[in-house]
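Novice: So that you have it, the file is start.cif, and it contains mmCIF, C-alpha atoms:
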```cif
data_entry
loop_
_atom_site.label_atom_id
_atom_site.label_comp_id
_atom_site.auth_asym_id
_atom_site.auth_seq_id
_atom_site.Cartn_x
_atom_site.Cartn_y
_atom_site.Cartn_z
CA MET K 1 41.79 -22.08 -29.31
CA HIS K 2 41.03 -25.79 -28.95
CA ARG K 3 37.45 -26.82 -29.58
CA ARG K 4 37.14 -28.25 -26.06
CA THR K 5 38.43 -25.03 -24.47
CA PHE K 6 36.15 -22.95 -26.67
CA ASN K 7 33.11 -25.04 -25.71
CA THR K 8 34.00 -24.78 -22.03
CA ALA K 9 34.23 -21.01 -22.37
CA LEU K 10 30.79 -20.91 -23.98
CA LEU K 11 29.33 -22.98 -21.16
CA THR K 12 30.80 -20.79 -18.45
CA LEU K 13 29.96 -17.47 -20.14
CA PRO K 14 26.33 -17.32 -18.90
CA TRP K 15 27.51 -18.00 -15.35
CA ILE K 16 30.10 -15.24 -15.58
CA MET K 17 27.55 -12.77 -16.93
CA SER K 18 25.02 -13.78 -14.28
CA SER K 19 27.60 -13.35 -11.54
CA ALA K 20 28.53 -9.94 -12.88
CA ARG K 21 24.90 -8.85 -12.87
CA ALA K 22 24.35 -10.19 -9.38
CA GLY K 23 27.45 -8.40 -8.16
CA THR K 24 26.36 -5.05 -9.55
CA HIS K 25 25.73 -2.83 -6.58
CA TYR K 26 22.55 -0.77 -6.54
CA PRO K 27 22.48 2.08 -5.95
CA ASP K 28 26.04 2.89 -6.92
CA ARG K 29 25.56 6.67 -6.84
CA PRO K 30 23.19 9.20 -5.22
CA ILE K 31 19.45 8.67 -5.71
CA ARG K 32 17.45 11.63 -6.95
CA LEU K 33 14.02 11.70 -5.32
CA ILE K 34 11.73 14.03 -7.24
CA VAL K 35 9.00 15.82 -5.29
CA PRO K 36 6.57 17.37 -7.80
CA TYR K 37 5.61 20.16 -5.39
CA GLY K 38 7.32 22.99 -3.56
CA ALA K 39 9.36 22.91 -0.36
CA GLY K 40 7.31 22.62 2.81
CA THR K 41 4.34 20.88 1.20
CA ALA K 42 3.01 17.65 2.71
CA THR K 43 4.70 15.62 -0.03
CA ASP K 44 8.02 17.35 0.53
CA VAL K 45 7.91 16.92 4.31
CA LEU K 46 7.14 13.21 4.07
CA ALA K 47 9.85 12.65 1.44
CA ARG K 48 12.46 14.26 3.66
CA GLN K 49 11.28 12.40 6.76
CA LEU K 50 11.86 9.07 5.04
CA SER K 51 14.97 9.91 3.03
CA ALA K 52 17.39 9.83 5.96
CA GLY K 53 16.40 6.23 6.66
CA VAL K 54 16.68 5.26 2.99
CA GLN K 55 20.12 6.85 2.79
CA ALA K 56 21.31 4.91 5.84
CA GLU K 57 20.06 1.63 4.38
CA VAL K 58 21.42 1.95 0.84
CA GLY K 59 24.68 3.69 1.66
CA GLN K 60 24.16 6.47 -0.87
CA PRO K 61 22.85 10.03 -0.52
CA VAL K 62 19.18 10.58 -1.31
CA ILE K 63 18.82 14.02 -2.87
CA VAL K 64 15.31 15.42 -2.62
CA GLU K 65 14.59 17.70 -5.59
CA ASN K 66 11.52 19.92 -5.69
CA ARG K 67 10.12 20.21 -9.22
CA PRO K 68 6.75 21.92 -8.76
CA GLY K 69 4.35 23.11 -11.40
CA ALA K 70 1.33 22.13 -13.49
CA SER K 71 -0.42 20.26 -10.67
CA GLY K 72 2.58 17.99 -10.19
CA MET K 73 2.86 17.05 -13.85
CA ILE K 74 6.27 18.68 -14.39
CA GLY K 75 7.98 16.52 -11.79
CA ALA K 76 6.09 13.40 -12.81
CA GLU K 77 7.07 13.82 -16.46
CA LEU K 78 10.72 14.31 -15.50
CA VAL K 79 10.78 10.89 -13.86
CA ALA K 80 8.74 9.25 -16.60
CA ARG K 81 11.35 10.38 -19.13
CA SER K 82 14.38 9.43 -17.00
CA ALA K 83 16.63 6.42 -17.58
CA PRO K 84 15.09 3.24 -16.13
CA ASP K 85 17.99 2.52 -13.79
CA GLY K 86 16.34 3.20 -10.44
CA GLN K 87 18.50 6.24 -9.76
CA VAL K 88 15.65 8.72 -10.27
CA LEU K 89 12.46 8.14 -8.30
CA LEU K 90 9.20 10.03 -7.91
CA VAL K 91 7.02 10.67 -4.89
CA GLY K 92 3.76 10.20 -6.76
CA THR K 93 0.48 11.36 -5.27
CA THR K 94 -3.27 11.35 -5.65
CA GLN K 95 -2.84 14.38 -7.87
CA THR K 96 -0.14 13.10 -10.23
CA HIS K 97 -1.44 9.57 -10.65
CA ALA K 98 -5.23 9.78 -10.26
CA ILE K 99 -6.66 13.30 -10.47
CA ASP K 100 -4.55 14.80 -13.27
CA PRO K 101 -5.31 11.97 -15.73
CA ALA K 102 -9.04 12.46 -15.09
CA LEU K 103 -8.99 16.25 -15.08
CA TYR K 104 -6.77 17.17 -18.00
CA SER K 105 -7.56 16.24 -21.59
CA LYS K 106 -3.87 16.36 -22.45
CA ILE K 107 -1.29 14.97 -20.05
CA SER K 108 2.39 14.45 -20.85
CA TYR K 109 2.72 10.99 -19.29
CA ASP K 110 0.73 7.83 -18.73
CA PRO K 111 0.36 7.18 -14.97
CA VAL K 112 0.40 3.42 -15.55
CA ALA K 113 2.47 2.72 -18.67
CA ASP K 114 5.26 5.21 -17.89
CA PHE K 115 5.99 4.11 -14.32
CA ALA K 116 7.05 1.10 -12.29
CA PRO K 117 5.33 1.12 -8.88
CA VAL K 118 7.85 0.73 -6.06
CA ALA K 119 6.16 1.26 -2.69
CA GLY K 120 2.99 2.74 -1.27
CA LEU K 121 3.88 4.98 1.65
CA ALA K 122 1.06 6.70 3.49
CA ASP K 123 -2.05 8.82 3.24
CA GLN K 124 -3.47 11.93 4.86
CA ASP K 125 -7.19 12.49 5.28
CA HIS K 126 -8.41 16.00 4.59
CA VAL K 127 -10.05 17.88 7.45
CA LEU K 128 -12.67 20.59 7.07
CA VAL K 129 -11.64 23.58 9.19
CA VAL K 130 -12.90 27.10 9.76
CA GLY K 131 -11.39 30.07 11.55
CA ALA K 132 -11.86 30.55 15.29
CA ASN K 133 -14.39 33.37 14.76
CA PHE K 134 -16.49 31.55 12.17
CA PRO K 135 -20.09 31.42 13.51
CA ALA K 136 -20.78 27.73 12.82
CA LYS K 137 -19.62 25.30 15.51
CA SER K 138 -20.60 22.11 13.68
CA LEU K 139 -21.04 20.86 10.12
CA ALA K 140 -24.81 21.00 10.50
CA GLU K 141 -24.60 24.65 11.52
CA LEU K 142 -22.27 25.37 8.58
CA VAL K 143 -24.73 23.84 6.11
CA ALA K 144 -27.62 25.76 7.66
CA LEU K 145 -25.64 29.00 7.45
CA ALA K 146 -24.74 28.35 3.81
CA LYS K 147 -28.38 27.66 2.94
CA SER K 148 -29.44 30.91 4.60
CA LYS K 149 -26.85 32.85 2.59
CA PRO K 150 -26.64 31.27 -0.91
CA GLY K 151 -23.24 32.09 -2.36
CA GLY K 152 -22.25 33.94 0.80
CA LEU K 153 -19.68 31.38 1.96
CA SER K 154 -16.46 30.41 0.24
CA PHE K 155 -13.96 27.58 0.37
CA ALA K 156 -10.25 27.70 -0.34
CA SER K 157 -8.08 25.26 -2.24
CA THR K 158 -4.52 25.06 -3.50
CA GLY K 159 -5.67 25.28 -7.10
CA ASN K 160 -8.22 24.06 -9.61
CA GLY K 161 -8.47 20.30 -9.69
CA THR K 162 -6.61 19.69 -6.43
CA PRO K 163 -8.08 17.32 -3.81
CA ALA K 164 -9.22 20.31 -1.73
CA HIS K 165 -11.09 21.67 -4.74
CA LEU K 166 -12.70 18.34 -5.65
CA VAL K 167 -13.94 17.54 -2.15
CA GLY K 168 -15.27 21.08 -1.75
CA GLU K 169 -17.28 20.81 -4.97
CA ILE K 170 -18.59 17.37 -4.05
CA PHE K 171 -19.57 18.57 -0.58
CA LYS K 172 -21.47 21.51 -2.12
CA ARG K 173 -23.52 19.11 -4.23
CA GLU K 174 -24.16 16.61 -1.45
CA ALA K 175 -25.18 19.33 1.02
CA GLY K 176 -27.23 21.25 -1.54
CA ILE K 177 -25.44 24.52 -0.86
CA ASP K 178 -23.70 27.17 -2.95
CA MET K 179 -20.19 28.31 -2.01
CA MET K 180 -17.61 30.23 -4.01
CA HIS K 181 -14.36 28.43 -4.80
CA VAL K 182 -11.22 30.49 -4.10
CA PRO K 183 -8.06 28.84 -5.50
CA TYR K 184 -4.65 29.76 -4.08
CA PRO K 185 -1.17 29.10 -5.48
CA GLY K 186 -0.14 27.45 -2.20
CA GLY K 187 -1.43 26.27 1.14
CA ALA K 188 0.15 28.86 3.44
CA GLN K 189 -1.86 31.83 2.19
CA ALA K 190 -5.04 29.77 1.98
CA LEU K 191 -4.77 28.78 5.65
CA THR K 192 -3.90 32.34 6.67
CA ASP K 193 -7.02 33.66 4.95
CA VAL K 194 -9.23 31.02 6.55
CA MET K 195 -7.93 32.00 9.99
CA ALA K 196 -8.52 35.66 9.16
CA GLY K 197 -12.06 34.96 7.94
CA THR K 198 -11.32 36.17 4.42
CA VAL K 199 -12.37 32.71 3.21
CA SER K 200 -14.93 30.64 5.11
CA LEU K 201 -13.36 27.18 5.14
CA VAL K 202 -10.92 24.75 3.62
CA PHE K 203 -10.48 20.98 3.32
CA TYR K 204 -6.79 20.27 3.90
CA PRO K 205 -4.41 17.57 5.20
CA TYR K 206 -4.19 17.70 8.99
CA GLN K 207 -0.40 17.91 9.05
CA ALA K 208 -0.47 21.61 8.18
CA LEU K 209 -3.61 22.32 10.20
CA LYS K 210 -2.59 20.76 13.52
CA PRO K 211 -0.59 23.70 14.95
CA HIS K 212 -3.50 26.06 14.25
CA VAL K 213 -6.14 23.67 15.62
CA ASP K 214 -4.04 23.04 18.75
CA THR K 215 -3.72 26.78 19.43
CA GLY K 216 -7.39 27.47 18.79
CA LYS K 217 -6.85 29.55 15.66
CA MET K 218 -8.81 26.99 13.64
CA ARG K 219 -11.71 24.70 14.46
CA ALA K 220 -12.11 21.25 12.91
CA LEU K 221 -15.71 20.48 11.95
CA ALA K 222 -15.31 17.17 10.11
CA VAL K 223 -12.78 14.70 8.73
CA ALA K 224 -13.33 13.90 5.05
CA SER K 225 -13.21 10.17 5.69
CA SER K 226 -15.41 7.13 6.18
CA THR K 227 -13.87 6.26 9.56
CA ARG K 228 -12.62 8.43 12.40
CA PRO K 229 -8.82 8.54 12.47
CA ALA K 230 -6.95 7.80 15.69
CA TRP K 231 -5.28 11.20 15.51
CA LEU K 232 -8.58 13.12 15.64
CA PRO K 233 -11.02 10.74 17.35
CA ASP K 234 -13.46 13.36 18.66
CA VAL K 235 -14.19 14.97 15.28
CA PRO K 236 -16.97 13.32 13.23
CA THR K 237 -16.44 12.23 9.65
CA THR K 238 -18.28 13.57 6.63
CA ALA K 239 -19.55 10.05 5.95
CA GLU K 240 -21.16 9.61 9.36
CA LEU K 241 -22.74 13.06 9.05
CA GLY K 242 -24.51 12.06 5.86
CA TYR K 243 -22.05 13.02 3.11
CA PRO K 244 -20.57 9.67 1.99
CA ASN K 245 -19.04 11.01 -1.23
CA SER K 246 -17.24 13.88 0.48
CA VAL K 247 -14.35 11.58 1.34
CA ILE K 248 -10.86 12.29 0.14
CA ALA K 249 -7.27 11.62 1.17
CA ALA K 250 -3.90 12.62 -0.16
CA TRP K 251 -1.85 9.46 -0.71
CA PHE K 252 1.81 9.06 -1.51
CA GLY K 253 3.84 6.36 -3.26
CA ILE K 254 7.27 5.83 -4.77
CA TYR K 255 7.47 5.25 -8.52
CA ALA K 256 10.40 4.54 -10.83
CA PRO K 257 10.48 4.95 -14.61
CA ALA K 258 8.87 2.11 -16.55
CA ARG K 259 11.17 -0.78 -17.49
CA THR K 260 13.32 -0.35 -14.39
CA ASP K 261 14.91 -3.68 -13.42
CA PRO K 262 12.38 -5.50 -11.17
CA GLU K 263 15.19 -6.51 -8.80
CA ARG K 264 16.07 -2.86 -8.26
CA VAL K 265 12.39 -2.01 -7.76
CA LYS K 266 12.09 -4.81 -5.23
CA LYS K 267 15.24 -3.75 -3.37
CA ILE K 268 14.29 -0.11 -2.91
CA GLY K 269 10.71 -1.09 -2.12
CA GLU K 270 11.93 -3.37 0.66
CA VAL K 271 13.98 -0.50 2.05
CA TYR K 272 10.87 1.64 2.32
CA ARG K 273 8.91 -1.26 3.84
CA GLY K 274 11.49 -1.61 6.59
CA ILE K 275 11.57 2.10 7.35
CA LEU K 276 7.78 2.36 7.51
CA ALA K 277 7.64 -0.55 9.96
CA ASP K 278 9.47 1.47 12.62
CA PRO K 279 6.98 2.03 15.48
CA LYS K 280 8.58 5.32 16.48
CA LEU K 281 8.27 6.73 12.96
CA ARG K 282 4.68 5.53 12.65
CA GLU K 283 3.85 7.27 15.92
CA GLN K 284 5.50 10.50 14.76
CA LEU K 285 3.62 10.43 11.48
CA ALA K 286 0.29 9.60 13.13
CA ALA K 287 0.65 12.61 15.43
CA THR K 288 0.46 14.86 12.38
CA GLY K 289 -2.39 13.07 10.64
CA THR K 290 -0.34 10.77 8.44
CA THR K 291 -1.34 7.09 8.35
CA VAL K 292 1.31 4.63 7.15
CA ARG K 293 -0.05 2.30 4.45
CA TYR K 294 2.84 0.38 2.95
CA GLN K 295 2.08 -1.34 -0.35
CA SER K 296 4.28 -3.68 -2.36
CA PRO K 297 4.98 -2.88 -6.03
CA ARG K 298 2.14 -5.13 -7.14
CA GLU K 299 -0.26 -3.71 -4.55
CA LEU K 300 0.63 -0.13 -5.45
CA GLY K 301 0.09 -0.89 -9.13
CA ALA K 302 -3.38 -2.29 -8.47
CA PHE K 303 -4.20 0.58 -6.13
CA THR K 304 -3.10 3.18 -8.69
CA ALA K 305 -5.35 1.64 -11.34
CA SER K 306 -8.33 1.60 -8.97
CA GLU K 307 -7.73 5.22 -7.94
CA ILE K 308 -7.61 6.36 -11.56
CA GLU K 309 -11.04 4.82 -12.04
CA ARG K 310 -12.38 6.24 -8.78
CA TYR K 311 -11.18 9.78 -9.40
CA GLY K 312 -12.49 9.71 -12.92
CA LYS K 313 -15.95 9.36 -11.37
CA LEU K 314 -15.26 11.93 -8.64
CA VAL K 315 -14.03 14.54 -11.09
CA GLN K 316 -17.18 14.04 -13.14
CA MET K 317 -19.34 14.22 -10.00
CA SER K 318 -17.62 17.38 -8.77
CA GLY K 319 -18.05 19.27 -12.01
CA ALA K 320 -14.54 20.64 -11.47
CA LYS K 321 -12.98 22.28 -14.49
CA VAL K 322 -9.53 23.63 -15.26
CA ASP K 323 -8.81 26.77 -17.18
#
```
Spit out the file's structure as structure tokens when you get a sec.

Specialist:
Amino acid sequence: MHRRTFNTALLTLPWIMSSARAGTHYPDRPIRLIVPYGAGTATDVLARQLSAGVQAEVGQPVIVENRPGASGMIGAELVARSAPDGQVLLVGTTQTHAIDPALYSKISYDPVADFAPVAGLADQDHVLVVGANFPAKSLAELVALAKSKPGGLSFASTGNGTPAHLVGEIFKREAGIDMMHVPYPGGAQALTDVMAGTVSLVFYPYQALKPHVDTGKMRALAVASSTRPAWLPDVPTTAELGYPNSVIAAWFGIYAPARTDPERVKKIGEVYRGILADPKLREQLAATGTTVRYQSPRELGAFTASEIERYGKLVQMSGAKVD
């Protein structure tokens, strides 16, 4: 090869490689979206609600895979250990990225170092509910009843260290009452037992509670928030009733494995941003107690770090322990 031809080839090689990279289509095969909880959970429902829109935008199937277990850590670790090509994504939550790191002394992934934040999605405030036949009609009456019967009331949760457990323990301390914690393996049985009066109360995302509240089988006493949500405007918040630390929400975000190409992260994040901007979808989500809170990759990264710090303090305050 002549020197001039060889030099020309060298000069054009970077352009050819750049063009090839730019022309690489992403995604070029189905996306696996890992939900670290079981079917029918709030995380699963939200993931499936959004996946149809993602699939339409990217032109590839979005396969939702439920990988429950170990407070969400099994599914989170699966994604953390996956190839950083953007083809395997995680619906991360308060539990996987903020509570678990504070609660467990040994965790199989680093919520910051092992993930690339993609998009913040939404959050769901927890609501304190009791069964229809529970004697207290307000939070003040519930506290008075608990004080008159130390240890006589109980609160349900979906397991040790879950948001429902933490906010219940914090509420006990703020209110100066004693209640027994009753952990359940899932939400369905916990809600059934609250309605039956087997357990006194539960803090839980409104999405699962709404049908029971609407039919009068449950009564909402307070929203575990600092501001009243639009979807339950007539129910007071724990903060306004004098319990400012009894505030908790389940939040959801999309994460990719660390070292995923930033352009791929940006692309899929923009897809979620567009879907979450749809007024009709926002209205549908709001009706079930889900508030859309889109965050860019940078915003989600900063938010995750702040939540890890916040929940570290809340776990300590709650005194919650895992077996």

Novice: How many Å lie between CA of Val315 (chain K) and CA of Pro163 (chain K), rounded to one decimal?

Specialist: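 Between CA of Val315 (chain K) and CA of Pro163 (chain K) the gap works out to 9.8 Å.
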
Novice: Carefully work through the PyMOL selection byres ((chain K and resi 61-70) around 8) for this structure and note down the residues it includes, as a list in words.

Specialist: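 Written out, the selection comes to Arg29, Pro30, Ile31, Arg32, Leu33, Ile34, Val35, Pro36, Tyr37, Gly38, Ala39, Asp44, Ala47, Arg48, Ser51, Ala52, Val54, Gln55, Gly59, Gln60, Ser71, Gly72, Met73, Ile74 and Gly75 of chain K.
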
Novice: Exactly which residues make up the result of the PyMOL selection byres ((chain K and resi 319) around 10) on this file, given as a PDB file with C-alpha atoms, keeping the file's coordinate frame?

Specialist:
```
ATOM      1  CA  GLY K 161      -8.470  20.300  -9.690  1.00  0.00           C
ATOM      2  CA  LEU K 166     -12.700  18.340  -5.650  1.00  0.00           C
ATOM      3  CA  GLU K 169     -17.280  20.810  -4.970  1.00  0.00           C
ATOM      4  CA  ILE K 170     -18.590  17.370  -4.050  1.00  0.00           C
ATOM      5  CA  ARG K 173     -23.520  19.110  -4.230  1.00  0.00           C
ATOM      6  CA  LEU K 314     -15.260  11.930  -8.640  1.00  0.00           C
ATOM      7  CA  VAL K 315     -14.030  14.540 -11.090  1.00  0.00           C
ATOM      8  CA  GLN K 316     -17.180  14.040 -13.140  1.00  0.00           C
ATOM      9  CA  MET K 317     -19.340  14.220 -10.000  1.00  0.00           C
ATOM     10  CA  SER K 318     -17.620  17.380  -8.770  1.00  0.00           C
ATOM     11  CA  ALA K 320     -14.540  20.640 -11.470  1.00  0.00           C
ATOM     12  CA  LYS K 321     -12.980  22.280 -14.490  1.00  0.00           C
TER      13      LYS K 321
END
```

Novice: Show me, as CSV, the residues of region 229-257 of chain K having an atom within 10 Å of region 197-211 of chain K, each with the closest atom pair and its distance in Å, using all atoms listed in the file.

Specialist:
```
residue,atom,partner,partner_atom,distance
K:Trp231,CA,K:Tyr206,CA,9.3
K:Leu232,CA,K:Tyr206,CA,9.2
K:Ile248,CA,K:Phe203,CA,9.3
K:Ala249,CA,K:Pro205,CA,7.7
K:Ala250,CA,K:Pro205,CA,7.3
```

Novice: Once the PyMOL selection byres ((chain K and resi 178-189) around 9) has been evaluated on this model, what residues remain selected, and can you format them as a PDB file with C-alpha atoms, in the frame of the given file?

Specialist:
```pdb
ATOM      1  CA  GLY K  38       7.320  22.990  -3.560  1.00  0.00           C
ATOM      2  CA  THR K  41       4.340  20.880   1.200  1.00  0.00           C
ATOM      3  CA  ALA K 146     -24.740  28.350   3.810  1.00  0.00           C
ATOM      4  CA  LYS K 147     -28.380  27.660   2.940  1.00  0.00           C
ATOM      5  CA  LYS K 149     -26.850  32.850   2.590  1.00  0.00           C
ATOM      6  CA  PRO K 150     -26.640  31.270  -0.910  1.00  0.00           C
ATOM      7  CA  GLY K 151     -23.240  32.090  -2.360  1.00  0.00           C
ATOM      8  CA  GLY K 152     -22.250  33.940   0.800  1.00  0.00           C
ATOM      9  CA  LEU K 153     -19.680  31.380   1.960  1.00  0.00           C
ATOM     10  CA  SER K 154     -16.460  30.410   0.240  1.00  0.00           C
ATOM     11  CA  PHE K 155     -13.960  27.580   0.370  1.00  0.00           C
ATOM     12  CA  ALA K 156     -10.250  27.700  -0.340  1.00  0.00           C
ATOM     13  CA  SER K 157      -8.080  25.260  -2.240  1.00  0.00           C
ATOM     14  CA  THR K 158      -4.520  25.060  -3.500  1.00  0.00           C
ATOM     15  CA  GLY K 159      -5.670  25.280  -7.100  1.00  0.00           C
ATOM     16  CA  ASN K 160      -8.220  24.060  -9.610  1.00  0.00           C
ATOM     17  CA  HIS K 165     -11.090  21.670  -4.740  1.00  0.00           C
ATOM     18  CA  GLY K 168     -15.270  21.080  -1.750  1.00  0.00           C
ATOM     19  CA  GLU K 169     -17.280  20.810  -4.970  1.00  0.00           C
ATOM     20  CA  LYS K 172     -21.470  21.510  -2.120  1.00  0.00           C
ATOM     21  CA  ARG K 173     -23.520  19.110  -4.230  1.00  0.00           C
ATOM     22  CA  ALA K 175     -25.180  19.330   1.020  1.00  0.00           C
ATOM     23  CA  GLY K 176     -27.230  21.250  -1.540  1.00  0.00           C
ATOM     24  CA  ILE K 177     -25.440  24.520  -0.860  1.00  0.00           C
ATOM     25  CA  ALA K 190      -5.040  29.770   1.980  1.00  0.00           C
ATOM     26  CA  LEU K 191      -4.770  28.780   5.650  1.00  0.00           C
ATOM     27  CA  THR K 192      -3.900  32.340   6.670  1.00  0.00           C
ATOM     28  CA  ASP K 193      -7.020  33.660   4.950  1.00  0.00           C
ATOM     29  CA  VAL K 194      -9.230  31.020   6.550  1.00  0.00           C
ATOM     30  CA  VAL K 199     -12.370  32.710   3.210  1.00  0.00           C
ATOM     31  CA  TYR K 204      -6.790  20.270   3.900  1.00  0.00           C
ATOM     32  CA  ALA K 208      -0.470  21.610   8.180  1.00  0.00           C
TER      33      ALA K 208
END
```

Novice: Which residues of region 60-150 of chain K sit at most 12 Å from region 292-306 of chain K, using all atoms listed in the file? Give each one's shortest atom pair and distance in Å (one decimal place), in chain and ascending residue order, as CSV.

Specialist:
```
residue,atom,partner,partner_atom,distance
K:Gly92,CA,K:Thr304,CA,10.0
K:Thr93,CA,K:Thr304,CA,9.6
K:Thr94,CA,K:Thr304,CA,8.7
K:Gln95,CA,K:Thr304,CA,11.2
K:Thr96,CA,K:Thr304,CA,10.5
K:His97,CA,K:Thr304,CA,6.9
K:Ala98,CA,K:Thr304,CA,7.1
K:Ile99,CA,K:Thr304,CA,10.9
K:Pro101,CA,K:Ala305,CA,11.2
K:Asp110,CA,K:Ala305,CA,11.4
K:Pro111,CA,K:Thr304,CA,8.2
K:Val112,CA,K:Ala305,CA,7.3
K:Ala113,CA,K:Gly301,CA,10.5
K:Asp114,CA,K:Gly301,CA,11.9
K:Phe115,CA,K:Gly301,CA,9.3
K:Ala116,CA,K:Pro297,CA,7.7
K:Pro117,CA,K:Pro297,CA,4.9
K:Val118,CA,K:Pro297,CA,4.6
K:Ala119,CA,K:Ser296,CA,5.3
K:Gly120,CA,K:Gln295,CA,4.3
K:Leu121,CA,K:Tyr294,CA,4.9
K:Ala122,CA,K:Val292,CA,4.2
K:Asp123,CA,K:Val292,CA,6.6
K:Gln124,CA,K:Val292,CA,9.0
K:Asp125,CA,K:Val292,CA,11.7
```

Novice: Can I get the selection written as a compact mmCIF listing (two decimals), in the frame of the given file, with C-alpha atoms?

Specialist:
```
# COMPACT_ATOMS: atom_id res chain seq x y z
CA GLY K 92 3.76 10.20 -6.76
CA THR K 93 0.48 11.36 -5.27
CA THR K 94 -3.27 11.35 -5.65
CA GLN K 95 -2.84 14.38 -7.87
CA THR K 96 -0.14 13.10 -10.23
CA HIS K 97 -1.44 9.57 -10.65
CA ALA K 98 -5.23 9.78 -10.26
CA ILE K 99 -6.66 13.30 -10.47
CA PRO K 101 -5.31 11.97 -15.73
CA ASP K 110 0.73 7.83 -18.73
CA PRO K 111 0.36 7.18 -14.97
CA VAL K 112 0.40 3.42 -15.55
CA ALA K 113 2.47 2.72 -18.67
CA ASP K 114 5.26 5.21 -17.89
CA PHE K 115 5.99 4.11 -14.32
CA ALA K 116 7.05 1.10 -12.29
CA PRO K 117 5.33 1.12 -8.88
CA VAL K 118 7.85 0.73 -6.06
CA ALA K 119 6.16 1.26 -2.69
CA GLY K 120 2.99 2.74 -1.27
CA LEU K 121 3.88 4.98 1.65
CA ALA K 122 1.06 6.70 3.49
CA ASP K 123 -2.05 8.82 3.24
CA GLN K 124 -3.47 11.93 4.86
CA ASP K 125 -7.19 12.49 5.28
```

Novice: Measuring atom to atom with all atoms listed in the file, identify which of K:Thr43, K:Asn133, K:Gln87, K:Thr162 is nearest to Val322 (chain K).

Specialist: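 Result for the nearest residue to Val322 (chain K): K:Thr162.
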
Novice: Mind pulling up the distance from CA of Lys137 (chain K) to CA of Ala222 (chain K)?

Specialist: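 We find that CA of Ala222 (chain K) and CA of Lys137 (chain K) lie 10.7 Å from each other.
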
Novice: Could you work out how far CA of Pro279 (chain K) lies from CA of Val88 (chain K), giving the answer in Å with one decimal?

Specialist: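 Between these atoms lies a distance of 28.0 Å.
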
Novice: Taking all atoms listed in the file into account, which of K:Ala164, K:Leu50, K:Ala132, K:Ala220 comes nearest Ala277 (chain K)?

Specialist: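 Residue with the minimum atom-to-atom distance to Ala277 (chain K): K:Leu50.
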
Novice: Would you mind telling me which residue in K:Asp85, K:Glu77, K:Glu141, K:Glu307 lies nearest to Arg264 (chain K) when using only C-alpha atoms?

Specialist: K:Asp85

Novice: Hey, could you pull the box centre and edge lengths for region 257-276 of chain K, axis-aligned, 4 Å padding per side, all listed atoms, to one decimal in Å, as JSON?

Specialist:
```
{"center_x": 11.9, "center_y": -0.8, "center_z": -5.0, "size_x": 16.3, "size_y": 19.5, "size_z": 33.0}
```

Novice: Between K:Leu128, K:Ala256, K:Ala56, K:Val271, which is the closest to Val91 (chain K) once you count only C-alpha atoms?

Specialist: K:Ala256

Novice: Have a look at K:Lys106, K:Arg259, K:Arg219, K:His126 and name the one nearest to Ala80 (chain K); count all atoms listed in the file.

Specialist: K:Arg259

Novice: Could you check which of K:Gly216, K:Gly53, K:Gly312, K:Gly269 is closest to Gly131 (chain K), using only C-alpha atoms?

Specialist: K:Gly216
